[in-house]
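A.B. asks: Before we start, here is the structure in question, set down as structure tokens.
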2 protein chains.
Amino acid sequence: MIRINENLIKYLCDLVKSPNNNLLILQSAKPTVKIMDQGSKINSVFVIKSGIAKCYLTQDTGNDFIQEFFGEGEIFGEIEMFNNELSLCDVEAITDLVLFKISKYNFFSLIANDKKFQMLVLESLASKIKYKALRHSYNQSHTIDQKIINLHKQFPEIMDIIQKKDIANYLGITKRSLNRVISDLKKRNLI
Amino acid sequence: MIRINENLIKYLCDLVKSPNNNLLILQSAKPTVKIMDQGSKINSVFVIKSGIAKCYLTQDTGNDFIQEFFGEGEIFGEIEMFNNELSLCDVEAITDLVLFKISKYNFFSLIANDKKFQMLVLESLASKIKYKALRHSYNQSHTIDQKIINLHKQFPEIMDIIQKKDIANYLGITKRSLNRVISDLKKRNLI
DNA sequence: AATTAATAAGGACATTTGTCCCGAAGCTTA
DNA sequence: TAAGCTTCGGGACAAATGTCCTTATTAATT
């Protein structure tokens with residue numbers, strides 16, 4: 001449920017430590033701080049070094065829909081670079097974050113000149129697509145029960161780390177339905 | 001709702017016509033023919049030159065969920081190349097198709113040596129992610145009414161070209177619900 | 001410590017959507 | 001042309017989910 005990308009982390013850790021690095025910097029953020037704002041211009045690409053963030057999209061209905069909880073090695077801002085568009089989502093820290101920040105210029109320069117980085121980015125895009133494909137499929141053809149059991153299997157501590165409202169917005173359901181099903185599953189000893 | 005990628009089409013049309021082309025070939029498929037099989041090994045990347053295909057995923061529940069109706073310039077098989085995995089989805093012709101077919105070897109060789117192609121692939125991946133993000137959001141926070149009205153706005157002839165069952169599987173609902181809402185919307189003159 | 005704000009939990013009811021049917025209309029093939 | 005298959009459309013009912021609202025509980029602020 002929360003993906004991590006060790007290869008990318010490792011690669012950027014090495015890069016940031018290299019003595020003549022001028023391509024990327026480290027940055028940190030406390031919980032509730034927004035790193036990216038839906039609809040705003042993006043000048044940098046970010047990669048999470050440690051911590052968890054939520055990436056969500058606010059609809060015309062006023063509802064937030066959480067695209068993904070970002071874990072270590074997750075990249076964001078890159079979609080907007082390639083599409084040359086304003087930010088699609090908000091990204092907000094849930095726990096303390098440490099981030100790699102790469103300027104637009106440096107990002108494209110790495111893509112163009114660094115085959116290893118290029119391939120890591122292609123892989124991370126492919127992995128995002130796969131994640132989204134499976135998630136949307138799963139969401140549409142399983143009941144709330146099944147989704148919560150599944151979530152709980154993959155990430156048992158989720159209820160302690162992530163707020164109920166956010167879990168509901170991740171599943172695309174209301175808080176009421178979430179509570180109802182959770183209490184039911186507890187009664188049946190399924191979670 | 002059906003994306004098209006003119007830049008990629010144009011680029012491959014030029015490439016296939018170049019006198020010493022040995023990188024890609026053209027292939028055609030009749031309706032109901034499967035070009036890709038969920039769970040099978042992928043040896044080529046495809047790009048749709050003309051026609052419409054459906055890309056769907058069969059769940060453990062037996063339900064099919066349609067990821068996308070592919071239009072001109074849509075690429076598929078590339079995810080599996082980058083992730084080095086078996087096919088995630090089935091892809092099946094809905095109308096007569098003409099396809100560009102690029103072998104795995106040639107695909108990676110183009111990515112490595114052809115900056116223009118490389119950027120076209122990065123852009124198409126980014127566009128897929130954006131499409132999926134918006135679609136899943138929209139799906140989760142709108143009623144069936146709204147989804148059908150929206151679909152009808154974007155693609156009025158959809159009901160003539162695509163079967164009811166497929167539309168239902170695209171929206172993640174049952175045929176019964178689809179019919180109920182359609183007849184209701186017709187009564188209210190909304191479609 | 002007292003007050004306010006935010007989150008969690010759930011009751012009662014309405015609405016939406018799914019399930020399980022069945023019959024009609026269109027195609028396909030013997 | 002008849003028989004068989006597939007798609008379409010919808011009735012009746014059941015189940016899942018949302019809406020609205022209220023009360024605890026926890027966290028934050030003065």
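Within each chain, counting starts at residue 1; across the structure tokens, chains are named A, B, ... in the order shown, with ligands numbered 1 upward in that order.
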Would you list the contacts of segment 3-12 of chain C as a PyMOL selection string, taking every protein, DNA or RNA residue within 8 Å and counting only C-alpha atoms (C1' of nucleotides), but skipping same-chain residues closer than 6 positions in sequence?
C.D. replies: (chain A and resi 179-180) or (chain D and resi 24-30)
A.B. asks: When you get a sec, could you note down which chain B residues fall within 10 Å of chain D, using only C-alpha atoms (C1' of nucleotides), as a list in words?
C.D. replies: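 So the residues of chain B near chain D are Gln163, Lys164, Lys165, Lys175, Arg176, Asn179, Arg180 and Ser183 of chain B.
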A.B. asks: When the cut-off is 10 Å and we count only C-alpha atoms (C1' of nucleotides), which residues of chain C are near chain B, given as a list in words?
C.D. replies: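 Listed by rising number, the hits are DT16, DT17, DG18 and DT19 of chain C.
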A.B. asks: For N, CA and C atoms (P, O5', C5', C4', C3', O3' and C1' of nucleotides), I'd like the residues from the last selection saved as an mmCIF file, in the first residue's frame.
C.D. replies:
```cif
data_model
loop_
_atom_site.group_PDB
_atom_site.id
_atom_site.type_symbol
_atom_site.label_atom_id
_atom_site.label_comp_id
_atom_site.auth_asym_id
_atom_site.auth_seq_id
_atom_site.Cartn_x
_atom_site.Cartn_y
_atom_site.Cartn_z
ATOM 1 P P DT C 16 -30.538 8.738 -4.986
ATOM 2 O "O5'" DT C 16 -29.404 7.631 -5.069
ATOM 3 C "C5'" DT C 16 -28.276 7.736 -4.215
ATOM 4 C "C4'" DT C 16 -27.450 6.494 -4.324
ATOM 5 C "C3'" DT C 16 -27.290 5.969 -5.749
ATOM 6 O "O3'" DT C 16 -25.905 5.771 -5.914
ATOM 7 C "C1'" DT C 16 -28.066 4.242 -4.307
ATOM 8 P P DT C 17 -25.270 5.373 -7.301
ATOM 9 O "O5'" DT C 17 -25.257 3.787 -7.199
ATOM 10 C "C5'" DT C 17 -24.423 3.168 -6.227
ATOM 11 C "C4'" DT C 17 -24.687 1.697 -6.182
ATOM 12 C "C3'" DT C 17 -24.674 1.000 -7.548
ATOM 13 O "O3'" DT C 17 -23.542 0.144 -7.560
ATOM 14 C "C1'" DT C 17 -26.457 0.231 -6.164
ATOM 15 P P DG C 18 -23.354 -1.068 -8.580
ATOM 16 O "O5'" DG C 18 -24.029 -2.301 -7.834
ATOM 17 C "C5'" DG C 18 -23.520 -2.674 -6.553
ATOM 18 C "C4'" DG C 18 -24.139 -3.981 -6.110
ATOM 19 C "C3'" DG C 18 -24.022 -5.116 -7.112
ATOM 20 O "O3'" DG C 18 -23.718 -6.312 -6.401
ATOM 21 C "C1'" DG C 18 -26.301 -4.727 -6.623
ATOM 22 P P DT C 19 -23.475 -7.678 -7.149
ATOM 23 O "O5'" DT C 19 -24.852 -8.463 -6.974
ATOM 24 C "C5'" DT C 19 -25.390 -8.630 -5.669
ATOM 25 C "C4'" DT C 19 -26.592 -9.551 -5.741
ATOM 26 C "C3'" DT C 19 -26.473 -10.690 -6.752
ATOM 27 O "O3'" DT C 19 -26.927 -11.880 -6.114
ATOM 28 C "C1'" DT C 19 -28.441 -9.439 -7.183
#
```
A.B. asks: When you count only C-alpha atoms, which of these residues is closest to Met1 of chain A: A:Leu171, A:Leu151, A:Leu15, A:Val181?
C.D. replies: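 Of all the options, A:Leu151 lies closest to Met1 of chain A.
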A.B. asks: Write down, as a list in words, each residue of chain A that has any atom within 7 Å of an atom of chain B, counting only C-alpha atoms.
C.D. replies: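 Putting it all together, I get Asn63, Phe65, Gln67, Ile79, Phe82, Asn83, Leu122, Glu123, Leu125, Ala126, Ser127, Ile129, Lys132, Ala133, His136, Ser137, Gln140, Ser141 and Gly172 of chain A.
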A.B. asks: I need the residues of segment 1-190 of chain B that end up classed as strand (DSSP E or B) by DSSP on the backbone, written out as a PyMOL selection string.
C.D. replies: chain B and resi 24-29+34-36+44-50+53-58+64-70+75-76+90-93+97-103
